[in-house]
$ cat structure-v7.tsv   # TSV, C-alpha atoms and all ligand atoms
chain	number	residue	atom	x	y	z
A	1	MET	CA	0.00	0.00	0.00
A	2	SER	CA	1.30	3.49	-0.83
A	3	LYS	CA	2.27	5.83	1.97
A	4	VAL	CA	-0.50	7.77	3.70
A	5	HIS	CA	0.01	11.51	3.79
A	6	ALA	CA	-2.13	14.04	5.66
A	7	ALA	CA	-3.72	16.23	3.00
A	8	ILE	CA	-5.49	19.52	3.51
A	9	THR	CA	-8.95	18.90	2.06
A	10	ALA	CA	-10.64	22.17	3.08
A	11	VAL	CA	-9.67	25.58	4.38
A	12	ASN	CA	-11.68	28.46	5.78
A	13	ALA	CA	-11.13	31.53	7.91
A	14	PHE	CA	-12.82	34.35	9.74
A	15	VAL	CA	-11.71	37.93	10.29
A	16	PRO	CA	-13.69	40.40	12.41
A	17	GLU	CA	-15.46	43.26	10.68
A	18	TYR	CA	-13.83	46.15	12.54
A	19	ILE	CA	-10.85	47.62	10.67
A	20	LEU	CA	-8.22	49.46	12.72
A	21	THR	CA	-6.33	51.62	10.23
A	22	ASN	CA	-2.92	53.24	10.56
A	23	LYS	CA	-4.78	56.55	10.48
A	24	GLU	CA	-6.81	55.61	13.57
A	25	LEU	CA	-3.62	54.47	15.35
A	26	GLU	CA	-2.15	57.93	14.67
A	27	GLY	CA	-4.79	59.26	17.08
A	28	MET	CA	-3.94	56.66	19.76
A	29	VAL	CA	-0.11	56.69	19.91
A	30	GLU	CA	2.66	58.83	18.47
A	31	THR	CA	3.08	57.14	15.10
A	32	ASN	CA	2.30	57.69	11.44
A	33	ASP	CA	1.19	55.73	8.42
A	34	GLU	CA	4.54	56.25	6.65
A	35	TRP	CA	6.56	54.75	9.56
A	36	ILE	CA	4.24	51.76	9.98
A	37	THR	CA	4.06	51.04	6.26
A	38	SER	CA	7.79	51.33	5.60
A	39	ARG	CA	8.93	49.43	8.74
A	40	THR	CA	6.29	46.65	8.68
A	41	GLY	CA	4.21	46.69	5.48
A	42	ILE	CA	0.98	46.92	7.52
A	43	LYS	CA	-1.86	49.28	6.55
A	44	GLU	CA	-4.71	47.95	8.67
A	45	ARG	CA	-5.66	45.10	10.97
A	46	ARG	CA	-8.96	43.57	12.20
A	47	ILE	CA	-10.19	43.86	15.78
A	48	LEU	CA	-12.76	41.59	17.45
A	49	LYS	CA	-15.14	43.85	19.33
A	50	GLY	CA	-17.59	42.88	22.07
A	51	ASP	CA	-17.65	40.11	24.62
A	52	LEU	CA	-16.12	37.49	22.33
A	53	GLY	CA	-13.04	35.29	22.44
A	54	THR	CA	-10.77	33.44	20.04
A	55	SER	CA	-13.11	30.43	20.03
A	56	ASP	CA	-15.90	32.62	18.60
A	57	MET	CA	-13.77	33.43	15.54
A	58	ALA	CA	-12.85	29.74	15.30
A	59	THR	CA	-16.52	28.75	15.42
A	60	HIS	CA	-17.23	30.91	12.35
A	61	ALA	CA	-14.18	29.58	10.52
A	62	VAL	CA	-14.87	25.92	11.27
A	63	ASN	CA	-18.63	26.01	10.62
A	64	GLY	CA	-17.86	27.46	7.18
A	65	LEU	CA	-15.18	24.83	6.60
A	66	LEU	CA	-17.52	21.95	7.44
A	67	GLU	CA	-20.11	23.37	5.08
A	68	LYS	CA	-17.55	23.70	2.28
A	69	ARG	CA	-16.38	20.10	2.78
A	70	GLY	CA	-19.96	18.87	3.17
A	71	ILE	CA	-19.39	16.99	6.40
A	72	SER	CA	-20.88	17.09	9.88
A	73	ALA	CA	-18.99	18.17	13.00
A	74	THR	CA	-19.72	14.74	14.46
A	75	GLU	CA	-17.26	13.25	11.94
A	76	ILE	CA	-14.30	15.16	13.41
A	77	ASP	CA	-11.89	12.93	15.38
A	78	LEU	CA	-9.45	15.50	16.75
A	79	ILE	CA	-9.21	19.29	17.12
A	80	ILE	CA	-5.81	20.91	17.54
A	81	PHE	CA	-6.38	24.55	18.47
A	82	CYS	CA	-3.19	26.53	17.93
A	83	THR	CA	-3.48	29.76	19.88
A	84	THR	CA	-1.60	32.05	22.21
A	85	THR	CA	-4.79	33.81	23.31
A	86	PRO	CA	-7.13	30.98	24.41
A	87	ASP	CA	-10.53	32.07	25.74
A	88	MET	CA	-9.24	31.29	29.22
A	89	VAL	CA	-6.31	29.51	30.86
A	90	PHE	CA	-8.45	26.39	31.10
A	91	PRO	CA	-10.46	24.58	29.88
A	92	ALA	CA	-8.71	24.37	26.53
A	93	SER	CA	-10.23	26.36	23.69
A	94	ALA	CA	-10.30	23.09	21.73
A	95	ASN	CA	-12.89	21.81	24.21
A	96	ILE	CA	-14.87	25.04	24.04
A	97	LEU	CA	-14.80	24.97	20.23
A	98	ALA	CA	-15.84	21.31	20.08
A	99	HIS	CA	-18.87	22.15	22.19
A	100	LYS	CA	-19.80	25.21	20.12
A	101	ILE	CA	-19.64	23.38	16.77
A	102	GLY	CA	-21.14	20.12	18.06
A	103	ALA	CA	-18.03	17.97	17.54
A	104	VAL	CA	-19.23	15.48	20.14
A	105	ASN	CA	-16.98	12.65	18.94
A	106	ALA	CA	-13.76	14.66	18.95
A	107	TRP	CA	-11.03	15.01	21.52
A	108	GLY	CA	-8.68	17.93	21.34
A	109	TYR	CA	-6.06	20.13	22.87
A	110	ASP	CA	-4.57	23.60	22.64
A	111	LEU	CA	-1.09	24.02	21.22
A	112	ASN	CA	0.93	27.09	22.12
A	113	ALA	CA	4.00	27.78	20.03
A	114	ALA	CA	3.24	31.49	19.49
A	115	CYS	CA	3.57	32.50	15.83
A	116	SER	CA	4.87	29.05	14.80
A	117	GLY	CA	1.86	27.35	16.37
A	118	PHE	CA	0.00	26.59	13.17
A	119	LEU	CA	3.06	24.84	11.69
A	120	TYR	CA	3.56	22.84	14.87
A	121	GLY	CA	-0.16	21.97	14.72
A	122	LEU	CA	-0.04	20.84	11.10
A	123	ALA	CA	3.01	18.70	11.80
A	124	THR	CA	1.50	17.04	14.88
A	125	GLY	CA	-1.97	16.68	13.35
A	126	SER	CA	-0.42	14.92	10.36
A	127	GLN	CA	0.97	12.21	12.62
A	128	PHE	CA	-2.52	11.07	13.66
A	129	ILE	CA	-3.48	10.75	9.99
A	130	GLU	CA	-0.26	9.06	8.85
A	131	THR	CA	-0.46	6.41	11.58
A	132	GLY	CA	-4.07	5.63	10.64
A	133	LYS	CA	-5.30	6.58	14.09
A	134	HIS	CA	-7.64	9.28	12.77
A	135	GLN	CA	-9.47	10.13	9.53
A	136	LYS	CA	-10.43	13.77	10.12
A	137	VAL	CA	-8.28	16.20	12.06
A	138	LEU	CA	-9.08	19.89	12.38
A	139	VAL	CA	-6.11	22.20	12.78
A	140	VAL	CA	-7.25	25.64	13.88
A	141	GLY	CA	-4.95	28.67	14.13
A	142	GLY	CA	-6.18	31.93	15.53
A	143	ASP	CA	-5.66	34.70	18.01
A	144	LYS	CA	-7.44	37.65	19.51
A	145	MET	CA	-4.19	39.57	19.85
A	146	SER	CA	-6.09	42.73	20.77
A	147	SER	CA	-6.83	41.07	24.14
A	148	ILE	CA	-3.15	41.25	25.15
A	149	ILE	CA	-2.00	44.37	23.29
A	150	ASN	CA	-1.23	47.61	25.08
A	151	TYR	CA	-2.71	50.33	22.85
A	152	LYS	CA	-0.38	52.83	24.53
A	153	ASP	CA	2.76	50.99	23.32
A	154	ARG	CA	3.50	52.17	19.79
A	155	LYS	CA	6.18	49.51	19.30
A	156	SER	CA	3.70	46.64	19.49
A	157	CYS	CA	0.15	47.93	18.97
A	158	ILE	CA	0.78	48.76	15.32
A	159	ILE	CA	1.75	45.19	14.46
A	160	PHE	CA	-0.90	42.82	15.73
A	161	GLY	CA	-4.48	42.01	14.70
A	162	ASP	CA	-7.22	39.44	15.27
A	163	GLY	CA	-8.17	36.57	12.97
A	164	CYS	CA	-8.56	32.80	12.76
A	165	GLY	CA	-8.26	30.09	10.12
A	166	ALA	CA	-8.75	26.34	10.00
A	167	VAL	CA	-7.86	23.41	7.80
A	168	LEU	CA	-9.12	19.84	7.66
A	169	LEU	CA	-6.56	17.04	7.38
A	170	GLU	CA	-7.58	13.73	5.79
A	171	PRO	CA	-5.62	10.69	4.55
A	172	ASN	CA	-4.28	10.76	0.99
A	173	THR	CA	-2.51	7.90	-0.79
A	174	GLU	CA	-1.78	9.73	-4.06
A	175	GLY	CA	1.27	11.54	-2.71
A	176	PHE	CA	-0.44	14.81	-1.80
A	177	GLY	CA	-0.38	16.45	1.62
A	178	VAL	CA	2.26	17.17	4.24
A	179	ILE	CA	5.52	15.75	2.87
A	180	ASP	CA	8.06	17.02	5.38
A	181	SER	CA	8.55	19.45	8.25
A	182	ILE	CA	11.45	20.96	10.18
A	183	LEU	CA	10.53	22.38	13.58
A	184	LYS	CA	12.88	24.15	15.95
A	185	SER	CA	12.92	25.99	19.26
A	186	ASP	CA	15.30	27.90	21.50
A	187	GLY	CA	13.97	28.77	24.94
A	188	SER	CA	16.73	31.30	25.57
A	189	GLY	CA	14.71	33.65	23.34
A	190	GLY	CA	11.72	33.58	25.70
A	191	PRO	CA	12.32	36.91	27.44
A	192	TYR	CA	12.35	38.85	24.15
A	193	LEU	CA	8.71	38.12	23.29
A	194	CYS	CA	6.33	37.12	26.04
A	195	GLN	CA	3.42	37.93	28.32
A	196	LYS	CA	5.07	38.19	31.71
A	197	ALA	CA	2.10	37.71	34.02
A	198	GLY	CA	-1.06	35.64	34.18
A	199	GLY	CA	0.67	32.26	34.39
A	200	SER	CA	1.77	30.27	37.45
A	201	LEU	CA	4.99	32.25	37.83
A	202	ARG	CA	3.34	35.67	38.09
A	203	PRO	CA	-0.36	35.18	38.78
A	204	ALA	CA	-2.58	38.23	38.36
A	205	SER	CA	-2.20	40.78	41.13
A	206	HIS	CA	-2.67	44.52	41.49
A	207	GLU	CA	1.07	44.85	40.94
A	208	THR	CA	1.11	42.86	37.67
A	209	VAL	CA	-1.81	44.90	36.37
A	210	ASP	CA	-0.23	48.21	37.40
A	211	ASN	CA	3.02	47.17	35.69
A	212	ASP	CA	1.24	46.30	32.40
A	213	GLU	CA	2.57	42.73	32.69
A	214	HIS	CA	-0.56	41.18	31.18
A	215	PHE	CA	0.21	42.77	27.83
A	216	LEU	CA	2.46	41.35	25.15
A	217	PHE	CA	6.06	42.41	25.64
A	218	GLN	CA	8.45	42.46	22.69
A	219	GLU	CA	12.01	43.62	22.19
A	220	GLY	CA	11.41	44.22	18.52
A	221	GLN	CA	14.96	44.56	17.27
A	222	ALA	CA	16.21	41.43	19.04
A	223	VAL	CA	13.27	39.39	17.72
A	224	PHE	CA	13.72	40.84	14.24
A	225	LYS	CA	17.38	39.76	14.13
A	226	PHE	CA	16.56	36.15	15.05
A	227	ALA	CA	13.45	36.02	12.86
A	228	VAL	CA	14.99	37.38	9.70
A	229	THR	CA	17.82	34.83	9.58
A	230	ASN	CA	16.14	31.79	11.09
A	231	MET	CA	12.89	31.91	9.09
A	232	ALA	CA	14.85	32.31	5.85
A	233	ASP	CA	17.33	29.57	6.78
A	234	VAL	CA	14.69	27.01	7.76
A	235	ALA	CA	12.72	27.64	4.55
A	236	ALA	CA	15.88	27.15	2.49
A	237	GLU	CA	16.76	24.05	4.55
A	238	ILE	CA	13.50	22.22	3.78
A	239	MET	CA	13.85	23.02	0.08
A	240	GLU	CA	17.39	21.58	0.02
A	241	LYS	CA	16.36	18.54	2.05
A	242	ASN	CA	13.62	17.74	-0.48
A	243	ASP	CA	15.66	18.61	-3.59
A	244	LEU	CA	13.38	21.50	-4.47
A	245	SER	CA	14.74	24.34	-6.60
A	246	SER	CA	13.05	27.73	-6.50
A	247	ASP	CA	11.38	26.80	-9.83
A	248	ASP	CA	9.86	23.71	-8.20
A	249	VAL	CA	8.17	25.81	-5.51
A	250	ASP	CA	4.76	27.16	-6.58
A	251	TRP	CA	4.03	29.14	-3.41
A	252	LEU	CA	5.87	30.42	-0.38
A	253	VAL	CA	3.46	30.82	2.55
A	254	PRO	CA	5.30	32.86	5.18
A	255	HIS	CA	4.16	33.90	8.64
A	256	GLN	CA	3.13	37.55	8.35
A	257	ALA	CA	5.12	39.35	11.07
A	258	ASN	CA	6.92	41.98	9.07
A	259	LYS	CA	7.10	42.52	5.30
A	260	ARG	CA	10.88	42.91	5.59
A	261	ILE	CA	11.19	39.42	7.15
A	262	ILE	CA	8.98	37.97	4.39
A	263	ASP	CA	11.11	39.63	1.69
A	264	ALA	CA	14.33	38.32	3.27
A	265	THR	CA	12.88	34.79	3.29
A	266	SER	CA	11.71	34.87	-0.32
A	267	SER	CA	14.99	36.29	-1.61
A	268	ARG	CA	17.06	33.76	0.43
A	269	CYS	CA	15.00	30.97	-1.23
A	270	GLY	CA	15.11	32.65	-4.66
A	271	ILE	CA	11.32	32.64	-4.88
A	272	ALA	CA	9.81	35.30	-7.14
A	273	PRO	CA	7.50	37.87	-5.48
A	274	GLU	CA	4.45	36.71	-7.47
A	275	LYS	CA	4.77	33.28	-5.80
A	276	VAL	CA	4.76	34.66	-2.26
A	277	MET	CA	1.48	34.92	-0.32
A	278	ILE	CA	1.37	38.31	1.42
A	279	ASN	CA	-1.67	39.86	3.08
A	280	ILE	CA	0.06	41.55	6.02
A	281	GLU	CA	-1.10	44.95	4.74
A	282	LYS	CA	-4.73	43.97	5.50
A	283	TYR	CA	-4.48	41.91	8.67
A	284	GLY	CA	-1.14	42.65	10.36
A	285	ASN	CA	0.27	39.86	12.51
A	286	THR	CA	-2.54	37.55	13.65
A	287	THR	CA	0.01	35.17	15.26
A	288	ASN	CA	-1.45	31.64	14.79
A	289	GLY	CA	-3.84	32.95	12.16
A	290	THR	CA	-1.43	34.25	9.52
A	291	ILE	CA	-0.72	31.07	7.54
A	292	PRO	CA	-4.30	29.71	7.38
A	293	LEU	CA	-5.52	33.21	6.46
A	294	CYS	CA	-3.12	33.14	3.50
A	295	LEU	CA	-4.21	29.64	2.41
A	296	TRP	CA	-7.84	30.78	2.61
A	297	GLU	CA	-7.28	33.91	0.54
A	298	TRP	CA	-5.20	32.08	-2.11
A	299	GLU	CA	-7.33	28.90	-2.16
A	300	SER	CA	-8.88	29.64	-5.57
A	301	LYS	CA	-5.42	30.05	-7.14
A	302	LEU	CA	-4.02	26.80	-5.76
A	303	LYS	CA	-3.86	23.75	-8.03
A	304	LYS	CA	-3.68	20.05	-7.22
A	305	GLY	CA	-0.01	19.10	-6.99
A	306	ASP	CA	1.29	22.62	-6.24
A	307	ASN	CA	4.38	22.62	-4.03
A	308	LEU	CA	3.94	24.92	-1.04
A	309	ILE	CA	6.65	25.91	1.43
A	310	LEU	CA	5.27	27.20	4.73
A	311	ALA	CA	7.61	29.02	7.11
A	312	ALA	CA	7.21	30.74	10.47
A	313	PHE	CA	9.08	32.29	13.36
A	314	GLY	CA	7.71	33.32	16.74
A	315	GLY	CA	7.93	33.68	20.48
A	316	GLY	CA	9.70	30.93	22.38
A	317	PHE	CA	11.68	31.25	20.21
A	318	THR	CA	9.98	28.77	17.90
A	319	TRP	CA	10.41	28.44	14.17
A	320	GLY	CA	10.03	25.96	11.36
A	321	SER	CA	9.08	25.12	7.82
A	322	LEU	CA	6.78	22.61	6.20
A	323	TYR	CA	6.63	21.17	2.68
A	324	LEU	CA	3.08	20.55	1.48
A	325	LYS	CA	1.72	19.23	-1.82
A	326	TRP	CA	-1.70	20.77	-2.38
A	327	ALA	CA	-4.35	18.06	-2.76
A	328	TYR	CA	-7.26	19.70	-4.61
B	1	LIG	O1	5.62	37.34	14.89
B	1	LIG	C1	6.44	37.07	15.97
B	1	LIG	C2	7.80	37.56	15.76
B	1	LIG	N1	7.85	39.00	15.78
B	1	LIG	C3	8.52	39.63	14.84
B	1	LIG	O2	9.03	39.01	13.94
B	1	LIG	C4	8.68	41.13	14.98
B	1	LIG	C5	10.11	41.51	14.72
B	1	LIG	N2	10.39	42.92	14.92
B	1	LIG	C6	9.93	43.88	14.07
B	1	LIG	O3	9.18	43.59	13.17
B	1	LIG	C7	10.45	45.27	14.24
B	1	LIG	O4	11.53	45.25	15.15
B	1	LIG	C8	9.39	46.31	14.71
B	1	LIG	C9	8.39	46.55	13.62
B	1	LIG	C10	8.72	45.80	15.97
B	1	LIG	C11	10.08	47.64	15.01
B	1	LIG	O5	10.78	48.08	13.87
B	1	LIG	P1	12.30	48.52	13.98
B	1	LIG	O6	12.70	48.93	12.64
B	1	LIG	O7	13.08	47.40	14.61
B	1	LIG	O8	12.22	49.77	14.93
B	1	LIG	P2	12.99	50.04	16.30
B	1	LIG	O9	12.33	49.30	17.41
B	1	LIG	O10	14.46	49.86	16.11
B	1	LIG	O11	12.70	51.58	16.48
B	1	LIG	C12	13.30	52.56	15.61
B	1	LIG	C13	12.78	53.93	16.01
B	1	LIG	C14	12.86	54.19	17.49
B	1	LIG	O12	13.13	55.58	17.67
B	1	LIG	P3	14.61	56.10	18.05
B	1	LIG	O13	14.93	55.42	19.34
B	1	LIG	O14	15.47	55.68	16.93
B	1	LIG	O15	14.40	57.56	18.16
B	1	LIG	C15	11.49	53.91	17.98
B	1	LIG	O16	11.16	54.60	19.15
B	1	LIG	O17	11.39	54.01	15.65
B	1	LIG	C16	10.64	54.39	16.80
B	1	LIG	N3	9.35	53.72	16.75
B	1	LIG	C17	8.28	54.27	16.14
B	1	LIG	N4	8.12	55.42	15.47
B	1	LIG	C18	6.91	55.66	14.95
B	1	LIG	C19	8.99	52.52	17.26
B	1	LIG	N5	7.69	52.27	16.99
B	1	LIG	C20	7.24	53.35	16.29
B	1	LIG	C21	6.00	53.66	15.73
B	1	LIG	N6	5.88	54.83	15.08
B	1	LIG	N7	4.94	52.84	15.83

$ encode --input "structure-v7.tsv" --output "structure tokens" --more "lines below"
Ligand code: UT7
Amino acid sequence: MSKVHAAITAVNAFVPEYILTNKELEGMVETNDEWITSRTGIKERRILKGDLGTSDMATHAVNGLLEKRGISATEIDLIIFCTTTPDMVFPASANILAHKIGAVNAWGYDLNAACSGFLYGLATGSQFIETGKHQKVLVVGGDKMSSIINYKDRKSCIIFGDGCGAVLLEPNTEGFGVIDSILKSDGSGGPYLCQKAGGSLRPASHETVDNDEHFLFQEGQAVFKFAVTNMADVAAEIMEKNDLSSDDVDWLVPHQANKRIIDATSSRCGIAPEKVMINIEKYGNTTNGTIPLCLWEWESKLKKGDNLILAAFGGGFTWGSLYLKWAY
């Protein structure tokens, strides 16, 4: 019997309606559209308003996905919810999502690898398909970054946005699906990009709130330096490992953290700009949401057999790349 790969058989996403433009940010912090655009490539980002959490965006994305694929939520075996902004510390957002969509036969868990989470999720979800353990695995990637952003900190509030995407993994014996992945981490990078309080080390207190420790903290330049080399290197590494030339690659799907990091990755891999998925100008950095949001927006252009290279870098530090043959 030919090898079983985990193929993406459906993709969908949800972005909130509210658009936070660079112009509006100019009225909130000392910044300007020219600085944001030239340093990051971002023009606007979406914000989830109201009493809603990441699982609410996921519910929209997954309900649409199930409809597209023409299956019922009861057929889902496993939900891997990749997020850094779960609805609450526990229970897992995977459990909350399963309940909201009616996936009564699924088990699931949250996976937190910051901006590399969706890649980690695809790689781990694939294992359950390849071993034959499961037939239908949902990998969800999304964040309500606005819930941990300090809108007084101009260094971070201009970057992040809210959004969520999801893919369905199913077995494929024709050679399509996840072919290979390279995943890495280096915990010494933790202090450069983190949320200092709210966990077991620094539980919420008046002091942590007064010190703004429940907001995302980032030393931008330090993260940039690591991201720009490591994301490019790991994308090039998976191409070399699989004997792929830049001509063999149909699409580069990079995490959308900064347009300059994306450009460095595509030029390191020799991939022409028209083959690079970029929507950072519309959504900013949605953390776990960036890669599925790209797949969703480019879905109609993708062809069966296309070679996709996915690459990400994020807090942890975590980074990685994944080689995927599009299945439909
Ligand atoms: O997705 C997870 C991984 N995260 C990343 O990959 C993010 C990596 N880092 C970055 O993308 C960039 O470092 C940032 C976009 C966060 C910052 O860009 P930068 O080019 O590294 O700027 P900087 O922090 O070196 O700041 C340069 C100057 C500073 O002014 P001085 O000290 O030179 O006078 C900042 O105070 O720009 C100033 N600045 C701003 N000016 C206008 C910082 N933020 C702003 C702003 N508007 N929003």

$ closest_atom_pairs --input "structure-v7.tsv" --of "segment 70-165 of chain A" --to "segment 309-326 of chain A" --cutoff "12 Å" --atoms "only C-alpha atoms" --output "JSON lines"
{"residue": "A:Thr84", "atom": "CA", "partner": "A:Gly315", "partner_atom": "CA", "distance": 9.8}
{"residue": "A:Asn112", "atom": "CA", "partner": "A:Gly316", "partner_atom": "CA", "distance": 9.6}
{"residue": "A:Ala113", "atom": "CA", "partner": "A:Thr318", "partner_atom": "CA", "distance": 6.4}
{"residue": "A:Ala114", "atom": "CA", "partner": "A:Gly315", "partner_atom": "CA", "distance": 5.3}
{"residue": "A:Cys115", "atom": "CA", "partner": "A:Gly314", "partner_atom": "CA", "distance": 4.3}
{"residue": "A:Ser116", "atom": "CA", "partner": "A:Ala312", "partner_atom": "CA", "distance": 5.2}
{"residue": "A:Gly117", "atom": "CA", "partner": "A:Gly314", "partner_atom": "CA", "distance": 8.4}
{"residue": "A:Phe118", "atom": "CA", "partner": "A:Ala312", "partner_atom": "CA", "distance": 8.7}
{"residue": "A:Leu119", "atom": "CA", "partner": "A:Leu322", "partner_atom": "CA", "distance": 7.0}
{"residue": "A:Tyr120", "atom": "CA", "partner": "A:Gly320", "partner_atom": "CA", "distance": 8.0}
{"residue": "A:Gly121", "atom": "CA", "partner": "A:Leu322", "partner_atom": "CA", "distance": 11.0}
{"residue": "A:Leu122", "atom": "CA", "partner": "A:Leu322", "partner_atom": "CA", "distance": 8.6}
{"residue": "A:Ala123", "atom": "CA", "partner": "A:Leu322", "partner_atom": "CA", "distance": 7.8}
{"residue": "A:Thr124", "atom": "CA", "partner": "A:Leu322", "partner_atom": "CA", "distance": 11.6}
{"residue": "A:Ser126", "atom": "CA", "partner": "A:Leu324", "partner_atom": "CA", "distance": 11.1}

$ residues_around --input "structure-v7.tsv" --residues "segment 42-46 of chain A" --least-positions-apart "5" --cutoff "9 Å" --atoms "all atoms listed in the file" --output "VMD selection string"
chain A and resid 15 to 23 33 36 to 37 158 to 163 258 to 259 279 to 286

$ closest_residue --input "structure-v7.tsv" --among "A:His214, A:Arg260, A:His60, A:Lys303" --to "Ala327 of chain A" --atoms "only C-alpha atoms"
A:Lys303

$ residues_near_point --input "structure-v7.tsv" --point "(-14.0, 16.6, 1.7)" --cutoff "10 Å" --atoms "all atoms listed in the file" --output "PyMOL selection string"
chain A and resi 8-10+65-71+136+168-170+328

$ closest_residue --input "structure-v7.tsv" --among "A:Glu274, A:Asp87, A:Glu75, A:Glu219" --to "Gly102 of chain A" --atoms "all atoms listed in the file"
A:Glu75

$ closest_residue --input "structure-v7.tsv" --among "A:Met28, A:Val209, A:Leu201, A:Met88" --to "ligand LIG 1 (chain B)" --atoms "all atoms listed in the file"
A:Met28
